[in-house]
Each structure stands twice: as C-alpha cells, then as structure tokens.
$ cat run_32.csv   # CSV, C-alpha atoms and all ligand atoms
chain,number,residue,atom,x,y,z
N,140,MET,CA,140.3,9.6,84.8
N,141,ALA,CA,139.1,7.4,87.7
N,142,PHE,CA,135.5,6.3,87.7
N,143,ASP,CA,133.4,8.2,90.2
N,144,ALA,CA,130.8,5.9,91.6
N,145,SER,CA,128.8,8.8,93.0
N,146,GLY,CA,127.7,9.7,89.5
N,147,GLU,CA,128.7,13.3,90.0
N,148,SER,CA,131.4,13.1,87.4
N,149,GLY,CA,129.0,12.3,84.6
N,150,PHE,CA,130.1,8.6,84.4
N,151,GLN,CA,126.7,7.4,85.5
N,152,ASP,CA,124.7,4.4,84.5
N,153,TRP,CA,126.6,1.1,84.4
N,154,VAL,CA,125.9,-1.2,81.5
N,155,GLY,CA,127.4,-4.6,82.4
N,156,ASP,CA,131.0,-4.1,83.6
N,157,VAL,CA,131.4,-0.8,81.7
N,158,PRO,CA,130.5,2.7,82.8
N,159,HIS,CA,128.1,4.1,80.3
N,160,PHE,CA,128.0,7.8,79.4
N,161,PRO,CA,124.6,9.3,78.9
N,162,GLN,CA,124.4,9.4,75.1
N,163,SER,CA,124.2,13.2,74.8
N,164,GLN,CA,127.4,13.6,76.9
N,165,ALA,CA,129.3,11.2,74.8
N,166,ARG,CA,128.1,13.0,71.7
N,167,GLU,CA,129.2,16.3,73.2
N,168,ALA,CA,132.7,14.9,73.9
N,169,GLU,CA,132.9,13.6,70.4
N,170,ALA,CA,131.7,16.9,69.0
N,171,LYS,CA,134.3,18.9,70.9
N,172,LYS,CA,137.1,16.7,69.5
N,173,LYS,CA,135.9,17.8,66.0
N,174,LEU,CA,136.2,21.5,66.6
N,175,VAL,CA,139.5,22.9,65.4
N,176,VAL,CA,140.1,26.5,66.6
N,177,ALA,CA,142.4,28.6,64.4
N,178,LEU,CA,144.7,30.6,66.7
N,179,ASP,CA,145.1,33.3,64.1
N,180,LYS,CA,146.5,35.9,66.5
N,181,PRO,CA,149.4,38.3,65.9
N,182,THR,CA,151.3,37.5,69.0
N,183,VAL,CA,151.8,34.5,71.3
N,184,ASP,CA,150.5,36.5,74.3
N,185,GLU,CA,147.2,37.1,72.5
N,186,ALA,CA,147.0,33.4,71.4
N,187,ARG,CA,147.6,32.4,75.0
N,188,LYS,CA,144.8,34.7,76.2
N,189,LEU,CA,142.4,33.2,73.5
N,190,ILE,CA,143.3,29.7,74.7
N,191,LYS,CA,142.5,30.7,78.3
N,192,ARG,CA,139.2,32.4,77.3
N,193,LEU,CA,138.1,29.2,75.3
N,194,ALA,CA,138.1,27.4,78.7
N,195,GLY,CA,138.5,24.0,77.1
N,196,ASN,CA,135.9,24.4,74.4
N,197,ALA,CA,138.2,23.2,71.5
N,198,GLY,CA,139.4,19.8,70.4
N,199,VAL,CA,142.5,20.9,68.4
N,200,PHE,CA,144.4,24.1,68.2
N,201,LYS,CA,145.5,25.2,64.8
N,202,ILE,CA,148.6,27.3,64.5
N,203,GLY,CA,148.9,29.0,61.1
N,204,LEU,CA,151.3,31.2,59.3
N,205,GLU,CA,150.5,34.4,61.2
N,206,LEU,CA,151.3,32.9,64.6
N,207,VAL,CA,154.3,30.8,63.5
N,208,MET,CA,155.9,33.9,62.0
N,209,SER,CA,155.5,35.8,65.3
N,210,GLU,CA,158.1,35.7,68.0
N,211,GLY,CA,157.8,32.4,69.9
N,212,GLY,CA,154.9,31.1,67.7
N,213,LEU,CA,156.5,27.7,67.1
N,214,LYS,CA,157.5,27.4,70.7
N,215,LEU,CA,153.9,27.9,71.7
N,216,ALA,CA,152.9,25.1,69.4
N,217,ARG,CA,155.5,22.8,71.1
N,218,ASP,CA,154.4,23.9,74.6
N,219,LEU,CA,150.8,23.1,73.7
N,220,ARG,CA,151.8,19.6,72.6
N,221,ALA,CA,153.9,19.1,75.7
N,222,ASP,CA,150.8,20.0,77.7
N,223,GLY,CA,148.9,17.3,76.0
N,224,HIS,CA,146.9,19.3,73.5
N,225,GLU,CA,146.3,18.3,69.9
N,226,VAL,CA,148.2,20.7,67.6
N,227,PHE,CA,147.6,21.2,63.9
N,228,LEU,CA,150.5,23.1,62.1
N,229,ASP,CA,148.8,24.7,59.2
N,230,MET,CA,151.9,25.4,57.2
N,231,LYS,CA,150.5,24.7,53.7
N,232,LEU,CA,153.9,23.6,52.5
N,233,LEU,CA,154.8,23.7,48.8
N,234,ASP,CA,158.4,23.4,47.6
N,235,ILE,CA,160.8,21.0,45.8
N,236,GLY,CA,160.5,17.4,47.0
N,237,ASN,CA,163.9,17.4,48.8
N,238,THR,CA,162.9,20.4,50.9
N,239,ILE,CA,159.4,19.1,51.7
N,240,LYS,CA,160.8,15.7,52.8
N,241,LYS,CA,163.3,17.3,55.3
N,242,ALA,CA,160.8,19.8,56.6
N,243,VAL,CA,158.1,17.2,57.2
N,244,ALA,CA,160.6,14.9,58.9
N,245,ASN,CA,161.4,17.7,61.4
N,246,VAL,CA,157.6,18.3,62.0
N,247,ALA,CA,157.1,14.6,62.6
N,248,ARG,CA,160.0,14.5,65.1
N,249,SER,CA,158.4,17.3,67.0
N,250,LYS,CA,155.3,15.1,67.6
N,251,PHE,CA,152.7,17.4,66.1
N,252,ASN,CA,149.3,15.9,65.2
N,253,PHE,CA,148.5,17.4,61.9
N,254,LEU,CA,150.4,19.2,59.1
N,255,THR,CA,149.2,20.6,55.8
N,256,VAL,CA,150.9,20.4,52.4
N,257,HIS,CA,149.5,21.9,49.2
N,258,GLY,CA,148.0,19.0,47.3
N,259,LYS,CA,148.9,20.4,43.9
N,260,ASN,CA,151.5,17.9,42.8
N,261,ARG,CA,152.3,14.3,43.4
N,262,LYS,CA,156.0,15.0,43.9
N,263,ALA,CA,155.4,17.2,47.0
N,264,LEU,CA,152.9,14.7,48.4
N,265,ASP,CA,155.3,11.7,48.0
N,266,ALA,CA,158.1,13.7,49.5
N,267,ALA,CA,156.0,14.5,52.5
N,268,VAL,CA,155.1,10.9,53.1
N,269,ALA,CA,158.8,10.0,52.7
N,270,GLY,CA,159.8,12.6,55.2
N,271,ARG,CA,157.4,11.2,57.8
N,272,LEU,CA,158.7,7.7,57.1
N,273,GLN,CA,162.2,8.9,57.6
N,274,ALA,CA,161.3,10.3,61.0
N,275,LEU,CA,159.6,7.1,62.0
N,276,ASP,CA,162.7,5.1,60.9
N,277,ASP,CA,164.8,7.4,63.1
N,278,GLY,CA,162.5,6.6,66.1
N,279,ALA,CA,160.0,9.4,66.1
N,280,PRO,CA,156.6,8.5,67.5
N,281,ASP,CA,153.8,7.9,65.0
N,282,THR,CA,151.6,11.0,65.8
N,283,LEU,CA,151.7,13.1,62.6
N,284,LYS,CA,148.7,13.0,60.2
N,285,LEU,CA,149.4,14.6,56.8
N,286,LEU,CA,146.6,16.6,55.2
N,287,ALA,CA,146.6,17.9,51.7
N,288,VAL,CA,145.1,21.3,50.9
N,289,THR,CA,142.8,20.7,47.9
N,290,VAL,CA,141.4,24.0,46.8
N,291,LEU,CA,141.6,27.0,49.2
N,292,THR,CA,138.1,27.9,50.5
N,293,ASP,CA,138.5,31.5,49.3
N,294,GLN,CA,139.0,30.4,45.7
N,295,SER,CA,136.3,30.7,43.1
N,296,GLN,CA,136.0,29.4,39.6
N,297,ASP,CA,137.4,32.8,38.3
N,298,ASP,CA,140.4,32.4,40.5
N,299,LEU,CA,141.1,29.0,39.0
N,300,LEU,CA,140.8,30.4,35.5
N,301,GLU,CA,143.3,33.1,36.5
N,302,GLU,CA,145.7,30.4,37.7
N,303,GLY,CA,145.5,28.7,34.3
N,304,LEU,CA,143.1,26.0,35.4
N,305,ALA,CA,140.5,26.6,32.7
N,306,GLY,CA,137.9,23.8,32.6
N,307,TRP,CA,138.3,22.9,36.3
N,308,SER,CA,135.5,23.7,38.8
N,309,PRO,CA,136.6,23.9,42.4
N,310,LEU,CA,134.6,20.7,43.0
N,311,ASP,CA,136.3,18.7,40.3
N,312,LEU,CA,139.7,19.9,41.2
N,313,ALA,CA,139.2,19.2,44.9
N,314,VAL,CA,138.1,15.7,44.2
N,315,HIS,CA,141.0,15.1,41.8
N,316,ARG,CA,143.5,16.4,44.4
N,317,ALA,CA,141.9,14.4,47.2
N,318,LYS,CA,142.3,11.2,45.1
N,319,MET,CA,145.9,12.1,44.4
N,320,ALA,CA,146.5,12.6,48.2
N,321,ASP,CA,144.8,9.4,49.0
N,322,ALA,CA,147.0,7.5,46.5
N,323,ALA,CA,150.1,9.1,47.9
N,324,GLY,CA,149.4,7.8,51.4
N,325,PHE,CA,148.1,11.1,52.9
N,326,ASP,CA,145.8,10.7,55.9
N,327,GLY,CA,143.3,13.2,54.6
N,328,VAL,CA,142.5,16.6,53.1
N,329,ILE,CA,141.4,20.1,53.8
N,330,ALA,CA,138.4,20.9,51.7
N,331,SER,CA,135.3,23.1,51.6
N,332,GLY,CA,132.2,21.5,53.1
N,333,ARG,CA,130.6,21.8,49.6
N,334,GLU,CA,133.1,19.3,48.3
N,335,ALA,CA,133.2,16.9,51.4
N,336,GLU,CA,130.5,14.5,50.2
N,337,ALA,CA,132.1,14.0,46.8
N,338,ILE,CA,135.5,13.5,48.4
N,339,ARG,CA,134.2,11.0,50.9
N,340,ALA,CA,132.7,9.0,48.0
N,341,ALA,CA,136.0,9.1,46.0
N,342,THR,CA,138.5,8.2,48.8
N,343,ARG,CA,139.3,5.3,51.1
N,344,LYS,CA,137.4,4.6,54.3
N,345,GLY,CA,138.8,6.6,57.2
N,346,PHE,CA,140.3,9.3,55.0
N,347,ILE,CA,140.1,12.5,57.1
N,348,ILE,CA,138.2,15.5,55.8
N,349,LYS,CA,138.8,18.8,57.6
N,350,VAL,CA,136.6,21.6,56.6
N,351,PRO,CA,137.6,25.3,57.1
N,352,GLY,CA,135.7,28.4,56.1
N,353,VAL,CA,132.9,27.3,58.5
N,354,ARG,CA,130.4,30.0,59.4
N,355,PRO,CA,127.6,29.5,62.0
N,356,VAL,CA,124.3,31.0,60.7
N,357,GLY,CA,124.4,34.8,61.0
N,358,TYR,CA,128.2,35.2,60.7
N,359,ALA,CA,129.8,37.1,57.8
N,360,ALA,CA,131.6,35.0,55.2
N,361,GLU,CA,134.6,37.4,55.4
N,362,GLY,CA,136.1,36.3,52.1
N,363,GLN,CA,135.4,32.6,52.4
N,364,THR,CA,133.6,32.1,49.1
N,365,ARG,CA,132.7,28.4,49.7
N,366,SER,CA,131.7,28.5,53.3
N,367,VAL,CA,129.2,26.2,55.1
N,368,THR,CA,127.7,26.0,58.6
N,369,PRO,CA,129.1,23.6,61.2
N,370,ALA,CA,126.0,21.3,60.8
N,371,GLU,CA,126.3,21.4,57.0
N,372,ALA,CA,129.9,20.4,57.2
N,373,ILE,CA,129.3,17.4,59.5
N,374,LYS,CA,126.3,16.3,57.5
N,375,ALA,CA,128.4,16.3,54.4
N,376,GLY,CA,130.9,14.0,56.1
N,377,ALA,CA,133.5,16.3,57.6
N,378,ASP,CA,135.6,14.8,60.4
N,379,TYR,CA,136.6,18.2,61.7
N,380,VAL,CA,135.5,21.8,61.3
N,381,VAL,CA,138.0,24.6,61.4
N,382,VAL,CA,136.8,27.9,62.8
N,383,GLY,CA,138.7,31.1,63.2
N,384,ARG,CA,137.2,34.6,63.1
N,385,PRO,CA,133.7,33.7,64.3
N,386,ILE,CA,135.3,32.5,67.6
N,387,TYR,CA,138.3,34.7,68.1
N,388,ASN,CA,136.6,37.9,67.2
N,389,ALA,CA,133.6,37.2,69.5
N,390,GLU,CA,133.1,39.0,72.7
N,391,HIS,CA,132.8,35.6,74.4
N,392,PRO,CA,134.8,33.1,72.4
N,393,ALA,CA,133.9,30.2,74.7
N,394,ASP,CA,130.2,30.8,74.2
N,395,VAL,CA,130.5,30.7,70.4
N,396,ALA,CA,132.8,27.7,70.5
N,397,LYS,CA,130.2,26.0,72.8
N,398,GLN,CA,127.4,26.8,70.4
N,399,ILE,CA,129.4,25.3,67.6
N,400,ILE,CA,130.1,22.2,69.6
N,401,ASP,CA,126.4,21.9,70.3
N,402,GLU,CA,125.6,22.3,66.6
N,403,ILE,CA,128.1,19.6,65.7
N,404,ALA,CA,126.7,17.3,68.4
N,405,GLN,CA,123.2,17.8,67.0
N,406,ALA,CA,124.4,17.1,63.4
N,407,LEU,CA,126.1,13.9,64.6
N,408,ALA,CA,122.8,12.8,66.2
N,409,ASP,CA,120.9,13.6,63.0
N,410,ASN,CA,123.4,11.7,60.9
N,411,ARG,CA,122.8,8.6,63.0
N,412,PHE,CA,119.0,8.5,62.4
N,501,LIG,O1,138.8,33.0,60.2
N,501,LIG,P1,138.4,31.8,59.4
N,501,LIG,O2,137.4,30.9,60.1
N,501,LIG,O3,138.0,32.1,58.0
N,501,LIG,O4,139.7,30.9,59.4
N,501,LIG,C1,139.9,29.8,58.6
N,501,LIG,C2,141.3,29.2,58.9
N,501,LIG,O5,141.4,28.0,58.1
N,501,LIG,C3,142.4,30.1,58.6
N,501,LIG,O6,143.4,29.9,59.5
N,501,LIG,C4,142.9,29.7,57.2
N,501,LIG,O7,144.2,29.9,57.0
N,501,LIG,C5,142.5,28.2,57.2
N,501,LIG,N1,142.2,27.6,55.9
N,501,LIG,C6,141.2,28.1,55.1
N,501,LIG,N2,141.0,27.5,53.8
N,501,LIG,C7,141.8,26.4,53.5
N,501,LIG,C8,142.7,25.9,54.3
N,501,LIG,C9,142.9,26.6,55.6
N,501,LIG,O8,140.5,29.0,55.4
N,501,LIG,N3,141.5,25.8,52.3
$ encode --input "run_32.csv" --output "structure tokens" --more "lines below"
Ligand code: C5P
Amino acid sequence: MAFDASGESGFQDWVGDVPHFPQSQAREAEAKKKLVVALDKPTVDEARKLIKRLAGNAGVFKIGLELVMSEGGLKLARDLRADGHEVFLDMKLLDIGNTIKKAVANVARSKFNFLTVHGKNRKALDAAVAGRLQALDDGAPDTLKLLAVTVLTDQSQDDLLEEGLAGWSPLDLAVHRAKMADAAGFDGVIASGREAEAIRAATRKGFIIKVPGVRPVGYAAEGQTRSVTPAEAIKAGADYVVVGRPIYNAEHPADVAKQIIDEIAQALADNRF
C-alpha cells in the first residue's frame, strides 16, 4: 500500500524516515491477524455469504471437515488462497505414515498456510514433516505450517479414561504431545487456552499455539469443555484464537468478530505492561 501523506489512510505521524502507525491501530491490525474464523458452514454458498458478512474482520479462514466434505469446499479453500487470504485446512489427519506423507505433500503443493495432524503418535508427525519436505524438494513454496492437535477441546478427563489413557490429565497429555510435535519439527499446536501457558514453557521459542473453543463472555460453551475467553487465551500465550459458532451464528457476525478483535488488542496491550 502506498503511503498517503494526507494522513487520511491512518499512516500518520512520521518517526524519522519511517511512517509510524498510531499504536492502537497497529495493535488492532496485529489483533486481527490473530483471529481465525471457522467457516463451519454446510455449503460453499453459505460460507461465501459468511465471508462477505465478516467484511474483512478475520485474519485467517479455517476450513474444516464439514465444508471440505461439501461440494466445492476444497475449491473454495483454493480460491481464497488465490485471492491472497490466509487459509487453515483443519483436516486433523491421522493415518499410517505413508498416507500422511503423501497427503501433506499435496497440501503443501497447494500453498495452504496451516494444516492440522493429530499429535497422538510420532510416526504420523514425522511423516507429515517428511511430506512437507518432499513438496519443498519438488519446488513447492514454503508456506505450510504444520500444527499438531494435542487434546481436543471437548475432551474431559473422563473421555481420556474411556480412551484408555488412565493417569493422564488433559493438561499433562497436551504438554506431552506438544513436546513431541516440537521435537518432530512441527510449527505449533492446537490446544485449549487452559494449557497454553504450560505448552509455551515446554516448547521452543516461536512455537505456534492456536487456541480453539474460545468463547467471549456471555456465550454458551456448546460442548467445549475447556473453553476460555479471547483475552484469557492471549494472556496465556496464544498466537491465534479460533472462533466458530459465536461468530457465524450471530445476527451480525462482523460485529462479534470486531468485538473479539478489540478484546485481543486490549489483551495484547495488557500483556506488554
Ligand atoms: O464453534 P466453535 O467455536 O466451537 O468451533 C471451534 C472450531 O475449532 C471447530 O471448527 C472445531 O472443529 C475446531 N477445533 C476444536 N478443538 C480442537 C481443534 C479444533 O474445537 N482441539
């Protein structure tokens, strides 16, 4: 974007040779990048309508299983990328290593920004990293960040027990899996905000933490047993917050998204003091 010396574009206040954003505007822009909106809509038409109604109040569009299984869902994801949007394919892959490797290589070739793989076993994680490397070796651009799903945000201690994971708390398991993903060369994890602080302490600098199950104050948990507010997520060290139903079920999605962006911006400001 060209610099507008009139100051009307918001690029006011020169500092030395560099145009200087008013701090609050810079923080607002940073906050917007951190909002991932889940396009959990049954059809591409409805997803497109939601994108339009968001009016730019989103940093990343997340395309999950519902949309990808609908007619044209994956094409929408590709179109959004072609239009310059950040696209997160939330596929939560889990399969034998050979299949994961080839699937991830194809996602990397399609220039998506984020992809999820279940972080349950090292073989799957290693295969995903190998798949991305294969695509890079074949000339694909280096855009894809791999994120491991630690423990789903609707899982409670009882659910882990049922899965045969007696003795594990969601927190301990999430930290264990985050360390495994870090060691495998993943870029980050998906985790509850309640586990973000412990994961931050246990992983390398720059490791991405994306927090779903985020609920602004006053919104129903709707099955997310380990939910946090946007501010709580950011204060716990989240790099991104993922929000679905509170936004797409709202009468005015852009207003709710904007409120969440403001809440993130405020939390970023609080974090710095
Ligand atoms: O509607 P809601 O805000 O609960 O949507 C959360 C989104 O984040 C959904 O698309 C869901 O699939 C995804 N997700 C999650 N928990 C995880 C990983 C992803 O809720 N651990």
$ atom_distance --input "run_32.csv" --atom1 "atom CA of Gly327 of chain N" --atom2 "atom CA of Asp298 of chain N"
24.0 Å
$ residues_near_ligand --input "run_32.csv" --ligand "ligand LIG 501 (chain N)" --cutoff "8 Å" --atoms "all atoms listed in the file" --output "PyMOL selection string"
chain N and resi 177-179+201-204+229+231+288-293+329-331+350-354+360-363+381-386
$ atom_distance --input "run_32.csv" --atom1 "atom CA of Phe200 of chain N" --atom2 "atom CA of Phe227 of chain N"
6.1 Å
$ atom_distance --input "run_32.csv" --atom1 "atom CA of Thr182 of chain N" --atom2 "atom CA of Tyr387 of chain N"
13.3 Å
$ residues_around --input "run_32.csv" --residues "Val395 of chain N" --least-positions-apart "4" --cutoff "12 Å" --atoms "only C-alpha atoms" --output "list of chain:residue names"
N:Leu174, N:Val176, N:Arg192, N:Leu193, N:Ala194, N:Asn196, N:Ala197, N:Arg354, N:Pro355, N:Val356, N:Gly357, N:Tyr358, N:Pro369, N:Val382, N:Gly383, N:Arg384, N:Pro385, N:Ile386, N:Tyr387, N:Asn388, N:Ala389, N:Glu390, N:His391, N:Ile399, N:Ile400, N:Asp401, N:Glu402
$ build_atoms --input "run_32.csv" --residues "segment 291-302 of chain N" --atoms "N, CA, C and O atoms" --output "CSV table (one decimal), in the frame of the given file"
chain,number,residue,atom,x,y,z
N,291,LEU,N,141.8,26.1,48.1
N,291,LEU,CA,141.6,27.0,49.2
N,291,LEU,C,140.1,27.5,49.2
N,291,LEU,O,139.5,27.7,48.1
N,292,THR,N,139.6,27.6,50.4
N,292,THR,CA,138.1,27.9,50.5
N,292,THR,C,137.8,29.4,50.1
N,292,THR,O,136.6,29.7,50.0
N,293,ASP,N,138.8,30.2,49.8
N,293,ASP,CA,138.5,31.5,49.3
N,293,ASP,C,138.6,31.6,47.7
N,293,ASP,O,138.5,32.7,47.1
N,294,GLN,N,138.8,30.4,47.1
N,294,GLN,CA,139.0,30.4,45.7
N,294,GLN,C,137.7,30.1,44.9
N,294,GLN,O,137.0,29.2,45.3
N,295,SER,N,137.5,30.9,43.9
N,295,SER,CA,136.3,30.7,43.1
N,295,SER,C,136.7,30.2,41.7
N,295,SER,O,137.9,30.1,41.4
N,296,GLN,N,135.7,29.9,40.9
N,296,GLN,CA,136.0,29.4,39.6
N,296,GLN,C,136.8,30.4,38.8
N,296,GLN,O,137.8,30.1,38.1
N,297,ASP,N,136.6,31.7,39.0
N,297,ASP,CA,137.4,32.8,38.3
N,297,ASP,C,138.8,32.7,38.7
N,297,ASP,O,139.7,33.0,37.9
N,298,ASP,N,139.0,32.5,40.0
N,298,ASP,CA,140.4,32.4,40.5
N,298,ASP,C,141.2,31.2,39.9
N,298,ASP,O,142.4,31.3,39.6
N,299,LEU,N,140.5,30.1,39.7
N,299,LEU,CA,141.1,29.0,39.0
N,299,LEU,C,141.4,29.3,37.6
N,299,LEU,O,142.5,28.9,37.1
N,300,LEU,N,140.6,30.0,36.9
N,300,LEU,CA,140.8,30.4,35.5
N,300,LEU,C,142.1,31.3,35.5
N,300,LEU,O,142.9,31.0,34.6
N,301,GLU,N,142.2,32.2,36.4
N,301,GLU,CA,143.3,33.1,36.5
N,301,GLU,C,144.6,32.3,36.7
N,301,GLU,O,145.7,32.6,36.2
N,302,GLU,N,144.5,31.2,37.4
N,302,GLU,CA,145.7,30.4,37.7
N,302,GLU,C,146.1,29.5,36.5
N,302,GLU,O,147.0,28.7,36.5
